[in-house]
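Okay, structure first, notes after.
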Amino acid sequence: MTSNRAASLWPDPSDRPVTTTGEVPQAYRPEHYGVPENAASGAGTDRRDHKAESGHTRDLRFPEAPAPLPVPIVDNHTHMDTQDGRVRIGLTDILDTAADLGVRGVIQVGYDVESARWAVEAAEADDRVLAAVALHPNETPALAEAGELEDALQVITALAAHDRVRAIGETGLDYFRTRKTRRHHQHDAFREHIRLAKSVGKALQIHDRDAHQDIVRILQDEGAPERTVFHCFSGDAELARICNDNGWYMSFSGTVTFKNSTDLQEALRVARPELIMVETDAPFLTPHPYRGRPNAPYMVVQTARWIAEHRQIPLEQFCTQVDATVRSVYGDH
């Protein structure tokens with residue numbers, strides 16, 4: 001991790017302004033940074049694309065800070081190495097801002113060799129970070145066809161032994177972006193990641209997009225790790241019941257708050273409370289009413305509050321349960 005990525009705008013912590021509810025956090029305001037409006041983004045950069053999949057230019061302002069949580073929780077899945085908007089934020093400022101609002105830590109997730117190494121370095125640099133390492137299913141077909149998959153898996157296997165790595169992920173299947181003739185590469189890599197998670201005794205974080213049936217089949221074929229987490233849970237009530245029956249964890253992102261996510265909201269109502277976690281998948285999947293804008297770990301607060309209201313339980317009770325679940329899956333920070 002380069003030093004500028006860990007640096008804070010406020011080298012003296014006593015100078016740092018406390019995050020204020022209803023205002024964009026100071027660390028996320030573009031006046032502090034020199035990132036121009038036409039900065040390169042998307043493929044080949046470390047920045048999320050400034051345009052949405054529809055081709056429209058996105059609103060690049062970070063959301064206003066929600067009210068703090070009564071009990072601190074952990075953002076179960078985030079990508080702090082992927083920047084967004086017109087800011088470039090250091091690790092310390094990301095975590096300090098989140099802490100102001102009741103986010104005591106994050107799971108920083110790798111999706112290729114470079115980001116997996118970054119995740120480990122971040123976890124070494126700040127004890128509020130735990131790491132997950134893997135090869136994303138959208139990465140594995142190209143690696144396999146180039147003859148590089150085995151070497152990449154060896155790097156992930158070596159990183160998996162690190163004490164600050166608490167999960168193998170994100171791995172799984174993605175049928176949205178991968179044509180049928182290349183999906184067998186994803187299947188093979190997913191199986192290897194399952195075996196790795198069991199061999200090192202760590203949790204498994206699953207990426208599942210339009211592939212529910214095959215994800216479940218492969219988990220049952222291989223024997224799922226004791227702690228199996230569906231990151232950014234995207235299934236319906238039927239998949240939630242399967243997770244309930246198997247003791248698989250369901251991590252809900254901002255997508256559950258979207259007005260058109262009726263099937264996902266039904267799954268949330270079905271999910272056993274002790275199997276629920278909350279995440280941002282930042283800088284993606286910003287919760288309503290900020291959909292499409294940049295996301296950050298502090299916004300897991302918005303999703304947690306929405307879930308508690310939707311399930312009609314006190315926010316303090318929900319946060320206490322979620323934090324206990326995170327500790328049981330990943331251990332203490």
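Chain labels A, B, ... are given in the sequence in which chains occur in the structure tokens; within each chain residues are numbered consecutively from 1, and ligands are likewise numbered from 1 in the order shown.
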If you take only C-alpha atoms and a cut-off of 12 Å, which residues of range 76-161 of chain A touch range 238-261 of chain A, and what are their nearest atom pairs and distances in Å to one decimal, in chain and number order, as CSV?
residue,atom,partner,partner_atom,distance
A:Asn76,CA,A:Ser251,CA,7.2
A:His77,CA,A:Ser251,CA,8.5
A:Thr78,CA,A:Ser253,CA,10.2
A:Ile107,CA,A:Ser251,CA,12.0
Mind checking which residues fall within 9 Å of range 38-53 of chain A, counting only C-alpha atoms, ignoring those fewer than 6 positions away in the same chain, and posting them as an NGL selection string?
-> :A and (59-60 or 81-86 or 283-284 or 292 or 294)
Could you write those residues out with C-alpha atoms, as a short mmCIF file (atom, residue, chain, number, x, y, z; two decimals), in the first residue's frame?
data_model
loop_
_atom_site.label_atom_id
_atom_site.label_comp_id
_atom_site.auth_asym_id
_atom_site.auth_seq_id
_atom_site.Cartn_x
_atom_site.Cartn_y
_atom_site.Cartn_z
CA ASP A 59 -24.02 12.03 -9.71
CA LEU A 60 -20.52 11.93 -8.22
CA ASP A 81 -9.00 0.42 -2.96
CA THR A 82 -11.56 1.37 -5.62
CA GLN A 83 -12.04 5.14 -5.54
CA ASP A 84 -15.08 7.06 -6.73
CA GLY A 85 -16.40 10.55 -7.24
CA ARG A 86 -13.90 13.38 -7.43
CA PRO A 283 -18.14 2.19 -3.87
CA PHE A 284 -21.06 0.38 -5.52
CA GLY A 292 -26.10 5.59 -8.30
CA PRO A 294 -20.66 6.96 -4.73
#
Polymer residues at most 8 Å from Pro297 in chain A, only C-alpha atoms, same-chain spacing of 2 or more positions, as JSON, numbers by chain = {"A": [75, 78, 94, 95, 98, 103, 106, 279, 280, 282, 295, 299, 300]}
Mind checking which residues fall within 9 Å of Arg191 in chain A, counting only C-alpha atoms, ignoring those fewer than 5 positions away in the same chain, and posting them as an MDAnalysis selection string?
-> chainID A and resid 172 186 196 218:219 222
Contacts of Arg128 in chain A within 7 Å, only C-alpha atoms, excl. fewer than 5 positions in-chain, as a list in words =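 With the cut-off at 7 Å, the set is Arg104, Gly105, Val106 and His333 of chain A.
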Residues as selected, N, CA, C and O atoms, written as a PDB file, in the first residue's frame, can you do that?
ATOM      1  N   ARG A 104     -17.503   0.115  13.366  1.00  0.00           N
ATOM      2  CA  ARG A 104     -16.260  -0.132  14.101  1.00  0.00           C
ATOM      3  C   ARG A 104     -15.171  -0.781  13.259  1.00  0.00           C
ATOM      4  O   ARG A 104     -14.014  -0.846  13.674  1.00  0.00           O
ATOM      5  N   GLY A 105     -15.542  -1.284  12.078  1.00  0.00           N
ATOM      6  CA  GLY A 105     -14.550  -1.925  11.232  1.00  0.00           C
ATOM      7  C   GLY A 105     -15.148  -2.356   9.916  1.00  0.00           C
ATOM      8  O   GLY A 105     -16.352  -2.189   9.663  1.00  0.00           O
ATOM      9  N   VAL A 106     -14.285  -2.910   9.064  1.00  0.00           N
ATOM     10  CA  VAL A 106     -14.713  -3.352   7.739  1.00  0.00           C
ATOM     11  C   VAL A 106     -14.039  -4.674   7.397  1.00  0.00           C
ATOM     12  O   VAL A 106     -12.977  -5.012   7.943  1.00  0.00           O
ATOM     13  N   HIS A 333     -11.700  -8.093  15.528  1.00  0.00           N
ATOM     14  CA  HIS A 333     -10.722  -7.313  14.776  1.00  0.00           C
ATOM     15  C   HIS A 333      -9.397  -7.221  15.545  1.00  0.00           C
ATOM     16  O   HIS A 333      -8.344  -7.092  14.972  1.00  0.00           O
TER      17      HIS A 333
END
Minimum-distance residue to Val301 in chain A, chosen among A:Pro68, A:Pro11, A:Gly235, A:Gly34 (using only C-alpha atoms) |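 Checking each of A:Pro68, A:Pro11, A:Gly235, A:Gly34 against Val301 in chain A, counting only C-alpha atoms, the winner is A:Pro68.
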List the neighbours of Arg195 in chain A out to 9 Å using only C-alpha atoms; skip same-chain residues closer than 3 positions along the sequence, and give me the result as a count of residues only.
-> 10
For Ile276 in chain A, which of A:Gln302, A:Ala116, A:Thr325, A:Glu309 is the closest residue, counting only C-alpha atoms?
-> A:Thr325
Range 148-285 of chain A: residues DSSP assigns to helix (DSSP H, G or I), reported as a PyMOL selection string | chain A and resi 149-160+180-200+212-222+237-246+254-257+262-270+273-275
If you run DSSP on this backbone, which residues of range 70-286 of chain A come out as strand (DSSP E or B), and could you give them as a ChimeraX atom specification?
-> /A:73-78,83,103-109,129-133,165-174,203-209,228-230,249-252,276-278,282
All residues 12 Å or closer to His187 in chain A, only C-alpha atoms, same chain fewer than 5 positions away omitted, as number ranges by chain | A: 136-138, 140-141, 144, 171-175, 178, 180-182, 192-194, 208, 211, 214-219, 221-222
Top pick for closest residue to Gln108 in chain A, considering A:Val74, A:Ala131, A:Ala125, A:Val322 and counting only C-alpha atoms = A:Ala131
Smallest atom-to-atom distance to Ala27 in chain A: which of A:Ala296, A:Met277, A:Ala67, A:Ala161, using only C-alpha atoms?
->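 Closest residue, counting only C-alpha atoms: A:Ala296.
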What is the distance between CA of Arg311 in chain A and CA of Asp263 in chain A, in Å to one decimal?
->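 These two atoms are separated by 14.7 Å.
The smallest atom-to-atom distance between Glu121 in chain A and any of A:Leu159, A:Glu145, A:Leu153, A:Glu139, using only C-alpha atoms, is found for A:Leu159.
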